[in-house]
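S.K.: Quick one: the structure is below, questions incoming.
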Amino acid sequence: KGIVKYWLTFNEIGNNLNKPMQWVTAGIRSDADHLEQRCYQASHHQFLASALATKMLKDIDPDAKIGSVIEYKTIYPMSCDPKDSLVVQRLKQLSLFFPDVQVRGEYPRFIWEYFAEKGIVLEFEENDFEIIRKNTVDFLGFTYYRSRIASKDYIESVQKDTKDVDVDQKDGKKFKGDNILLSQGKTNPFLEVTSSGWSIDPDGLYLALQDLYQRYNIPLFVVENGLGTVDKLVNGTVEDDYRIDYLAKHITAMKRAICDGVDLFGYTMWGPIDLVSEGTGQMSKRYGFIYVDRNDIGEGTLRRYKKKSFYWYKKVIASNGENLA
């Protein structure tokens, strides 16, 4: 009380709708029967738990602030076909269901229609929605690494081919099982990509900040943003100018959003030190400013080395983001 001022309940709430994250975020097997029903039911329990945690925090420390965290990717239509834009709108609608509930305090109308369409029957107690309504969050946190593109043709072809397609590392395509969240990640030809195939899109971060602030009008916090790639240790350091360039461009995008009126009060990059990538289980997909001597099969001394970006980011912090050179 009085020491920690900002709190988060669930990290990337909503990821239990994204295969194969169901097990990590909700303890649900990705091959379970009635997967979508199970995942939305689990989400309801998470909403309720988060609201009760918010109430408890406010009772203990009325000055503390509590927020939610979503994963957010700016989505572009693959073409100027209006049907592609309709797909983008639907994807955004479904992905923003979670902050809609936690920020606004109620389930949006479209989700009830979606439940009826999919045959999803939500189980709840009589006062659940009152608890959720009375205990909304103070700010919205989100993770941003990349953007994506969507197309009606791509989604339709995937639906016809198979019910459930895993990630294809070559073209990055992904389809969420049981139509939980129609999505795809084909490469955007207008953007650079990382060695792991993720797009590099600082303009997408600017658009994300604009979209979220205009929709919710509460303070925002970028809780994760960074570049995961292979680093080479040479003479006790890593010349990671590519990471410096990535972060500088994303910080510039945030500054632009702030100048345009967005209330962005925090940013934490992922992450200060190399660690095992949660998404791929790799040590070689490195994000940190500090290199750790460890490989993908667990070999290494664990000795740490400061990368070039370590000293650069130290200057960025000291200048409050003004010195990006």
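Going by the structure tokens order, chains are called A, B, ..., each with residues numbered from 1, while ligands are numbered from 1 in the order shown.
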Among region 33-111 of chain A, which residues does DSSP mark as alpha helix (DSSP H) when it is run on the backbone? Keep the chain and numbering as in the structure and answer as a ChimeraX atom specification.

M.R.: /A:35-60,82-95,97-104,109-111

S.K.: Residues within 10 Å of Ser30 (chain A), please, as a PyMOL selection string. Count only C-alpha atoms; anything in the same chain fewer than 5 positions from it doesn't count.

M.R.: chain A and resi 16-23+35-36+39+177

S.K.: Measure the distance from CA of Ile244 (chain A) to CA of Trp312 (chain A) in Å and round it to one decimal.

M.R.: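 These two atoms are separated by 7.3 Å.
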
S.K.: Quick one: everything within 8 Å of Tyr287 (chain A), counting only C-alpha atoms, minus sequence neighbours fewer than 6 positions away in the same chain. Send it as a list in words.

M.R.: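 So the residues in contact are Gly226, Leu227, Gly228, Thr229, Trp270, Gly271, Pro272, Ile273, Asp274 and Leu275 of chain A.
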
S.K.: How many Å separate CA of Arg29 (chain A) from CA of Gln282 (chain A)?

M.R.: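 Value for the CA of Arg29 (chain A)-CA of Gln282 (chain A) distance: 22.0 Å.
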
S.K.: I'd like to know which of A:Ala49, A:Phe142, A:Tyr213, A:Phe110 is closest to Phe129 (chain A), using only C-alpha atoms.

M.R.: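 Among the listed residues, A:Ala49 lies closest to Phe129 (chain A).
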
S.K.: Which polymer residues have any atom within 7 Å of an atom of Val230 (chain A), counting only C-alpha atoms, with same-chain residues fewer than 6 positions away left out, as a JSON list (two decimals) with N, CA, C and O atoms, in the first residue's frame?

M.R.:
```json
[["chain", "number", "residue", "atom", "x", "y", "z"],
["A", 284, "SER", "N", 17.51, -18.29, -28.59],
["A", 284, "SER", "CA", 18.18, -17.59, -29.69],
["A", 284, "SER", "C", 17.35, -16.44, -30.25],
["A", 284, "SER", "O", 17.88, -15.59, -30.97],
["A", 285, "LYS", "N", 16.06, -16.39, -29.95],
["A", 285, "LYS", "CA", 15.24, -15.25, -30.33],
["A", 285, "LYS", "C", 15.35, -14.23, -29.20],
["A", 285, "LYS", "O", 14.58, -14.24, -28.25],
["A", 286, "ARG", "N", 16.31, -13.32, -29.33],
["A", 286, "ARG", "CA", 16.70, -12.47, -28.21],
["A", 286, "ARG", "C", 16.05, -11.09, -28.29],
["A", 286, "ARG", "O", 15.97, -10.50, -29.36]]
```

S.K.: Would you give me, as a ChimeraX atom specification, the residues in region 65-246 of chain A that DSSP reads as strand (DSSP E)?

M.R.: /A:65-71,75-77,139-143,148-150,192-193,199-200,220-224

S.K.: Could you give me, as number ranges by chain, the residues within 12 Å of Tyr216 (chain A), counting only C-alpha atoms and dropping anything in the same chain fewer than 6 positions from it?

M.R.: A: 96, 99-105, 136-141, 209-210, 262-263

S.K.: So what do you get for CA of Ala257 (chain A) versus CA of Ala325 (chain A), distance-wise?

M.R.: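 These two atoms are separated by 20.0 Å.
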
S.K.: Extract, using only C-alpha atoms, all DNA, RNA and protein residues at most 8 Å from Val238 (chain A), discarding same-chain residues fewer than 5 positions from it, and format them as a PyMOL selection string.

M.R.: chain A and resi 231-233+291+306-308

S.K.: Please provide the set of residues having any atom within 12 Å of Ser95 (chain A), restricted to only C-alpha atoms, with same-chain residues fewer than 2 positions apart removed, written as a ChimeraX atom specification.

M.R.: /A:12-18,70-75,88-93,97-101,111,142,180-183,212

S.K.: Of the residues A:Val4, A:Val276, A:Met56, A:Val316, which is the one nearest to Asn295 (chain A), using only C-alpha atoms?

M.R.: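 Checking each of A:Val4, A:Val276, A:Met56, A:Val316 against Asn295 (chain A), counting only C-alpha atoms, the winner is A:Val276.
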
S.K.: Hey, which of A:Ser309, A:Ser50, A:Asn127, A:Asn225 ends up closest to Asp240 (chain A)? Count only C-alpha atoms.

M.R.: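 Among the listed residues, the smallest separation from Asp240 (chain A) belongs to A:Ser309.
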
S.K.: Of the candidates A:Cys259, A:Leu207, A:Ile290, A:Met254, which shows the shortest atom-to-atom distance to Thr237 (chain A), using only C-alpha atoms?

M.R.: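 Nearest candidate to Thr237 (chain A) out of A:Cys259, A:Leu207, A:Ile290, A:Met254: A:Ile290.
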
S.K.: From the options A:Phe124, A:Tyr246, A:Phe190, A:Phe289, which residue's atoms come nearest to Tyr145 (chain A), counting only C-alpha atoms?

M.R.: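 Nearest to Tyr145 (chain A): A:Tyr246.
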